[in-house]
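Single-structure report; data block below.
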Amino acid sequence: MGRIRRRDKEKKKAFSIFDDDEPSDVSEDEDLPKDEAGRRKIKRQYSELLGVRIEKLKGRILNRERINKTIEGVYFICIDCKKVCHNMDDGLLEDPENANNRCAPCARSKGIPLPPGGGKGQAAA
């Protein structure tokens with residue numbers, strides 16, 4: 001019986017939306033903490049993935065993640081600025097009906113009072 005040669009170097013790399021093909025953005029993320037740089041990368045990937053559907057999904061929560069036992073992270077699209085935001089970076093004024101979620105800067109500009117803590121950290125109820 002003949003042996004099968006395996007060449008790991010010649011295997012083609014499969015496409016993944018989570019691969020970072022743009023090393024030029026790495027320089028701006030170098031001075032940030034690792035978790036904040038990771039959130040910035042995920043927000044950029046959400047924006048690229050959703051594209052024109054951001055207009056349809058504005059104000060909605062995209063994903064919730066458990067950072068530790070007490071802190072919950074939330075990715076959402078702000079209804080006013082239509083950017084993908086995270087509550088740890090941008091703050092969150094959460095709507096109970098999941099239709100009018102806002103980041104803290106947009107809520108302040110509209111004159112909406114923020115919950116204690118400035119809307120950052122844990123998701124506001």
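Ordering of the structure tokens sets the chain letters (A, B, ...), residue numbers begin anew at 1 in every chain, and ligands are numbered from 1 in the order given.
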Excluding region 76-81 of chain A and residues on its chain fewer than 3 positions from it, collect all residues at most 9 Å away from it, counting only C-alpha atoms, and give them as a CSV table (one decimal) with C-alpha atoms, in the first residue's frame.
chain,number,residue,atom,x,y,z
A,54,ILE,CA,-29.0,48.7,8.9
A,55,GLU,CA,-31.8,51.1,7.9
A,57,LEU,CA,-32.8,47.1,11.7
A,58,LYS,CA,-32.2,50.6,13.3
A,59,GLY,CA,-33.1,50.7,16.9
A,60,ARG,CA,-32.9,46.9,17.4
A,61,ILE,CA,-30.6,44.8,19.5
A,62,LEU,CA,-28.3,42.6,17.4
A,63,ASN,CA,-26.7,40.4,20.1
A,64,ARG,CA,-26.3,40.0,23.8
A,84,VAL,CA,-23.6,49.6,15.3
A,85,CYS,CA,-22.9,50.3,19.0
A,86,HIS,CA,-21.9,48.4,22.1
A,87,ASN,CA,-23.2,49.4,25.6
A,92,LEU,CA,-27.3,52.2,25.9
A,99,ALA,CA,-37.6,49.2,18.7
A,100,ASN,CA,-36.0,52.5,19.8
A,101,ASN,CA,-32.6,51.7,21.4
A,102,ARG,CA,-30.2,54.7,21.5
A,103,CYS,CA,-26.6,55.2,22.3
A,106,CYS,CA,-27.7,60.5,20.8
A,107,ALA,CA,-29.9,60.3,23.9
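The space between CA of Lys110 (chain A) and CA of Met88 (chain A) spans 20.4 Å.
Straight-line separation from CA of Lys83 (chain A) to CA of Arg53 (chain A): 11.8 Å.
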Exercise for the section: Could you jot down the CA of Pro105 (chain A) to CA of Gly91 (chain A) separation for me, Å, one decimal place? Expected result: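 A separation of 7.9 Å between them.
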Practice task
Fewer than 3 positions away in the same chain doesn't count, so skip those; otherwise give me all residues within 12 Å of Arg39 (chain A), counting only C-alpha atoms, as a ChimeraX atom specification.
Solution key: /A:29,32-36,42-46,65,67,73-75,84-90
Practice task
Once DSSP has gone over the backbone, tell me which residues of region 26-125 of chain A are in alpha helix (DSSP H), as a PyMOL selection string.
Solution key: chain A and resi 26-29+34-50+54-57+87-90+104-110
Quick one: write out the picked residues with N, CA and C atoms as a tab-separated table (two decimals), in the first residue's frame?
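Result went into again_10.tsv, see below:
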chain	number	residue	atom	x	y	z
A	26	VAL	N	-5.24	48.05	12.09
A	26	VAL	CA	-4.64	47.54	13.31
A	26	VAL	C	-3.89	48.65	14.04
A	27	SER	N	-3.30	49.59	13.33
A	27	SER	CA	-2.51	50.64	13.96
A	27	SER	C	-3.36	51.52	14.87
A	28	GLU	N	-4.61	51.76	14.51
A	28	GLU	CA	-5.45	52.59	15.37
A	28	GLU	C	-5.96	51.81	16.58
A	29	ASP	N	-5.96	50.47	16.52
A	29	ASP	CA	-6.43	49.65	17.62
A	29	ASP	C	-5.32	49.24	18.58
A	34	LYS	N	-7.35	45.15	24.82
A	34	LYS	CA	-7.67	44.03	23.92
A	34	LYS	C	-9.17	43.86	23.75
A	35	ASP	N	-9.96	43.97	24.83
A	35	ASP	CA	-11.40	43.77	24.71
A	35	ASP	C	-12.06	44.89	23.92
A	36	GLU	N	-11.60	46.11	24.10
A	36	GLU	CA	-12.18	47.23	23.36
A	36	GLU	C	-11.84	47.15	21.87
A	37	ALA	N	-10.63	46.72	21.56
A	37	ALA	CA	-10.24	46.54	20.16
A	37	ALA	C	-11.06	45.43	19.53
A	38	GLY	N	-11.34	44.38	20.29
A	38	GLY	CA	-12.17	43.29	19.79
A	38	GLY	C	-13.59	43.74	19.51
A	39	ARG	N	-14.15	44.56	20.41
A	39	ARG	CA	-15.51	45.07	20.20
A	39	ARG	C	-15.55	45.97	18.97
A	40	ARG	N	-14.51	46.78	18.77
A	40	ARG	CA	-14.46	47.67	17.61
A	40	ARG	C	-14.43	46.84	16.32
A	41	LYS	N	-13.67	45.74	16.33
A	41	LYS	CA	-13.58	44.87	15.16
A	41	LYS	C	-14.93	44.21	14.88
A	42	ILE	N	-15.61	43.74	15.92
A	42	ILE	CA	-16.91	43.10	15.75
A	42	ILE	C	-17.94	44.10	15.25
A	43	LYS	N	-17.91	45.34	15.76
A	43	LYS	CA	-18.85	46.37	15.27
A	43	LYS	C	-18.61	46.65	13.79
A	44	ARG	N	-17.35	46.71	13.38
A	44	ARG	CA	-17.02	46.94	11.97
A	44	ARG	C	-17.52	45.77	11.11
A	45	GLN	N	-17.39	44.54	11.61
A	45	GLN	CA	-17.86	43.37	10.88
A	45	GLN	C	-19.38	43.36	10.77
A	46	TYR	N	-20.08	43.75	11.85
A	46	TYR	CA	-21.54	43.85	11.78
A	46	TYR	C	-21.95	44.86	10.71
A	47	SER	N	-21.28	46.01	10.67
A	47	SER	CA	-21.61	47.03	9.67
A	47	SER	C	-21.42	46.52	8.26
A	48	GLU	N	-20.31	45.81	8.02
A	48	GLU	CA	-20.06	45.27	6.69
A	48	GLU	C	-21.06	44.17	6.34
A	49	LEU	N	-21.38	43.34	7.32
A	49	LEU	CA	-22.28	42.22	7.07
A	49	LEU	C	-23.71	42.68	6.81
A	50	LEU	N	-24.18	43.65	7.57
A	50	LEU	CA	-25.57	44.11	7.42
A	50	LEU	C	-25.75	45.03	6.22
A	54	ILE	N	-29.06	47.92	7.65
A	54	ILE	CA	-28.97	48.70	8.88
A	54	ILE	C	-30.16	49.64	9.00
A	55	GLU	N	-30.59	50.22	7.88
A	55	GLU	CA	-31.75	51.12	7.89
A	55	GLU	C	-33.00	50.38	8.39
A	56	LYS	N	-33.17	49.15	7.97
A	56	LYS	CA	-34.34	48.36	8.38
A	56	LYS	C	-34.25	47.93	9.84
A	57	LEU	N	-33.03	47.67	10.33
A	57	LEU	CA	-32.84	47.14	11.68
A	57	LEU	C	-32.51	48.22	12.71
A	87	ASN	N	-22.88	48.60	24.36
A	87	ASN	CA	-23.20	49.36	25.55
A	87	ASN	C	-21.98	49.70	26.40
A	88	MET	N	-20.90	48.91	26.33
A	88	MET	CA	-19.70	49.21	27.11
A	88	MET	C	-18.93	50.40	26.53
A	89	ASP	N	-19.02	50.61	25.23
A	89	ASP	CA	-18.29	51.69	24.58
A	89	ASP	C	-19.14	52.95	24.42
A	90	ASP	N	-20.37	52.77	23.96
A	90	ASP	CA	-21.21	53.89	23.56
A	90	ASP	C	-22.35	54.17	24.52
A	104	ALA	N	-25.75	56.53	24.17
A	104	ALA	CA	-25.78	57.63	25.15
A	104	ALA	C	-25.59	59.01	24.51
A	105	PRO	N	-24.66	59.19	23.55
A	105	PRO	CA	-24.52	60.53	22.95
A	105	PRO	C	-25.79	61.01	22.22
A	106	CYS	N	-26.48	60.10	21.54
A	106	CYS	CA	-27.71	60.49	20.84
A	106	CYS	C	-28.83	60.79	21.84
A	107	ALA	N	-28.89	60.03	22.92
A	107	ALA	CA	-29.92	60.27	23.94
A	107	ALA	C	-29.69	61.63	24.59
A	108	ARG	N	-28.41	61.97	24.88
A	108	ARG	CA	-28.11	63.28	25.48
A	108	ARG	C	-28.47	64.41	24.52
A	109	SER	N	-28.20	64.23	23.23
A	109	SER	CA	-28.50	65.29	22.26
A	109	SER	C	-30.01	65.48	22.09
A	110	LYS	N	-30.80	64.43	22.33
A	110	LYS	CA	-32.26	64.54	22.25
A	110	LYS	C	-32.87	65.03	23.55
